[in-house]
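Engineer: Next up is a structure, given as structure tokens.
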Amino acid sequence: MEQALEIAGTLVGLLYLWFEYRASIYLWVASVVMPAIYLFVYYEAGLYADFGINVYYLLAALYGWITWRYGIARHRGKSGGKTSHPEASGDPLPISKIPRRYLLPAIIAFGIAFGGIAWILIRFTNSDVPWLDSFTTALSIVGMWMLARKYVEQWWVWIGVDVVSVGLYLYKGLYFTAALYTFYAIIAIFGYLRWEKIRKSNHANE
């Protein structure tokens, strides 16, 4: 049963990856189905942090769909005027680079999540890979937020997650999932190049 679910999750993951590469909003549909499947896979494998992150993925999918479809709500200043920031247009969200002001908060959020998850796994579970599991989980939290905001640099975050995850899943005997994440890492490079091309094209047409 576990292997069948793993294969099903792998197939949905490939569909998700295709939608993400194409910058298609339908990736959020796949991002609901895939974590629902992997909740069972990761729990049975004892990857408790990965189990928990999939609950987060389900919630992030809703946020991602809304922001991609409708953009981020306009903010009004003291004068009542609306900002001209491209993310605040209320239109479908464009691909953009992450603002510098978000870099430090993102790094801090990763550090807090990494340390907190590792502490929970070490203290309350029988996980034999608490640090690696915590690393990929914490980095995925940041990566999912960046994807929901359509920041092009999210691809580099996922490359880091994918490379570490391959070794982790091979160790756990999840060979189909390890193969999927190997493919993810390769496609992520091409995904970054495609998104960057789209971003520059949109910027040139403004």
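Numbering starts fresh at 1 for the residues of each chain in the structure tokens, the chains themselves are lettered A, B, ... in the order given, and ligands are numbered from 1 as they appear.
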If you count only C-alpha atoms, which residues fall within 9 Å of A:Leu15, apart from same-chain ones fewer than 4 positions away, as a PyMOL selection string?

Structural biologist: chain A and resi 10-11+19-20+27+30

Engineer: Convert the current residue selection to file output with N, CA and C atoms, as a JSON list (two decimals), in the first residue's frame.

Structural biologist:
[["chain", "number", "residue", "atom", "x", "y", "z"],
["A", 10, "THR", "N", 4.35, 10.28, -6.74],
["A", 10, "THR", "CA", 5.38, 10.61, -7.72],
["A", 10, "THR", "C", 4.76, 11.10, -9.02],
["A", 11, "LEU", "N", 3.71, 10.43, -9.48],
["A", 11, "LEU", "CA", 3.04, 10.82, -10.73],
["A", 11, "LEU", "C", 2.40, 12.21, -10.61],
["A", 19, "PHE", "N", 3.38, 21.94, -14.27],
["A", 19, "PHE", "CA", 2.60, 23.16, -14.10],
["A", 19, "PHE", "C", 3.48, 24.29, -13.53],
["A", 20, "GLU", "N", 4.37, 23.94, -12.60],
["A", 20, "GLU", "CA", 5.24, 24.95, -12.01],
["A", 20, "GLU", "C", 6.21, 25.49, -13.05],
["A", 27, "LEU", "N", -0.91, 24.43, -10.89],
["A", 27, "LEU", "CA", 0.02, 23.72, -10.01],
["A", 27, "LEU", "C", -0.56, 23.64, -8.60],
["A", 30, "ALA", "N", -2.63, 20.48, -8.11],
["A", 30, "ALA", "CA", -1.75, 19.33, -7.84],
["A", 30, "ALA", "C", -1.13, 19.43, -6.46]]

Engineer: For stretch 95-105 of chain A, list every protein, DNA or RNA residue within 10 Å, evaluated using only C-alpha atoms, and leave out those in the same chain fewer than 6 positions away; present the list as a list of chain:residue names.

Structural biologist: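 Result of the neighbour search: A:Ala23, A:Trp68, A:Pro86, A:Glu87, A:Gly111, A:Met146, A:Leu147, A:Arg149, A:Lys150, A:Tyr151, A:Val152, A:Glu153, A:Gln154, A:Trp195, A:Glu196, A:Lys197, A:Ile198, A:Arg199, A:Lys200, A:Asn202, A:His203.
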
Engineer: Save out the residues we just selected, C-alpha atoms, as a PDB file, in the first residue's frame.

Structural biologist:
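And here is the file that came out, again-v8.pdb:
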ATOM      1  CA  ALA A  23       4.084  28.992 -14.326  1.00  0.00           C
ATOM      2  CA  TRP A  68      -1.631  33.947  -8.254  1.00  0.00           C
ATOM      3  CA  PRO A  86       3.519  45.482  -9.105  1.00  0.00           C
ATOM      4  CA  GLU A  87       2.546  42.979  -6.410  1.00  0.00           C
ATOM      5  CA  GLY A 111      16.687  29.501  11.112  1.00  0.00           C
ATOM      6  CA  MET A 146       8.336  32.361  -2.224  1.00  0.00           C
ATOM      7  CA  LEU A 147       6.470  30.244  -4.780  1.00  0.00           C
ATOM      8  CA  ARG A 149       4.519  35.148  -4.089  1.00  0.00           C
ATOM      9  CA  LYS A 150       5.906  34.112  -7.503  1.00  0.00           C
ATOM     10  CA  TYR A 151       9.499  35.086  -6.745  1.00  0.00           C
ATOM     11  CA  VAL A 152      11.880  33.698  -9.364  1.00  0.00           C
ATOM     12  CA  GLU A 153      14.514  32.825  -6.733  1.00  0.00           C
ATOM     13  CA  GLN A 154      12.199  30.179  -5.299  1.00  0.00           C
ATOM     14  CA  TRP A 195      10.844  32.054 -15.180  1.00  0.00           C
ATOM     15  CA  GLU A 196      13.694  34.525 -15.481  1.00  0.00           C
ATOM     16  CA  LYS A 197      13.040  34.823 -19.228  1.00  0.00           C
ATOM     17  CA  ILE A 198       9.335  35.440 -18.573  1.00  0.00           C
ATOM     18  CA  ARG A 199      10.149  37.999 -15.873  1.00  0.00           C
ATOM     19  CA  LYS A 200      12.506  39.945 -18.122  1.00  0.00           C
ATOM     20  CA  ASN A 202       7.217  41.149 -18.831  1.00  0.00           C
ATOM     21  CA  HIS A 203       9.497  43.848 -17.430  1.00  0.00           C
TER      22      HIS A 203
END

Engineer: Can you tell me which residues surround A:Trp28 at a distance of at most 8 Å, considering only C-alpha atoms, apart from same-chain residues fewer than 3 positions away, and format the answer as number ranges by chain?

Structural biologist: A: 16, 25, 31-32, 61-62, 64-65

Engineer: Please, could you write that set of residues out with C-alpha atoms as an mmCIF file, in the first residue's frame?

Structural biologist:
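Everything below was put into result-v4.cif:
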data_model
loop_
_atom_site.group_PDB
_atom_site.id
_atom_site.type_symbol
_atom_site.label_atom_id
_atom_site.label_comp_id
_atom_site.auth_asym_id
_atom_site.auth_seq_id
_atom_site.Cartn_x
_atom_site.Cartn_y
_atom_site.Cartn_z
ATOM 1 C CA TYR A 16 2.900 19.515 -10.381
ATOM 2 C CA ILE A 25 -1.918 28.392 -11.740
ATOM 3 C CA SER A 31 -0.268 20.840 -4.685
ATOM 4 C CA VAL A 32 -3.429 19.835 -2.811
ATOM 5 C CA ALA A 61 -1.911 25.895 -1.712
ATOM 6 C CA LEU A 62 -5.014 27.934 -0.929
ATOM 7 C CA GLY A 64 -0.958 30.441 -3.502
ATOM 8 C CA TRP A 65 -4.074 30.031 -5.637
#

Engineer: If we count only C-alpha atoms and set the cut-off at 9 Å, which residues sit around A:Gly160, ignoring sequence neighbours fewer than 4 positions away in its own chain? Please answer as number ranges by chain.

Structural biologist: A: 136, 139, 155-156, 164-165, 185

Engineer: Smallest atom-to-atom distance to A:Gly71: which of A:Leu58, A:Leu180, A:Ser127, A:Ala148, using only C-alpha atoms?

Structural biologist: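 Of the candidates, the smallest distance to A:Gly71 is held by A:Ala148.
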
Engineer: Please identify all polymer residues within 10 Å of A:Ile186, counting only C-alpha atoms, omitting same-chain residues fewer than 6 positions from it, and present them as a list in words.

Structural biologist: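 With the cut-off at 10 Å, the set is Ile159, Asp162 and Val163 of chain A.
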
Engineer: Just list as a ChimeraX atom specification whatever in stretch 27-194 of chain A DSSP marks as helix (DSSP H, G or I).

Structural biologist: /A:27-45,48-70,86-88,100-124,130-148,154-171,175-194

Engineer: When you count only C-alpha atoms, which of these residues is closest to A:Met34: A:Asp133, A:Thr177, A:Leu168, A:Gly115?

Structural biologist: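 Looking at the shortest contact to A:Met34, the residue is A:Thr177.
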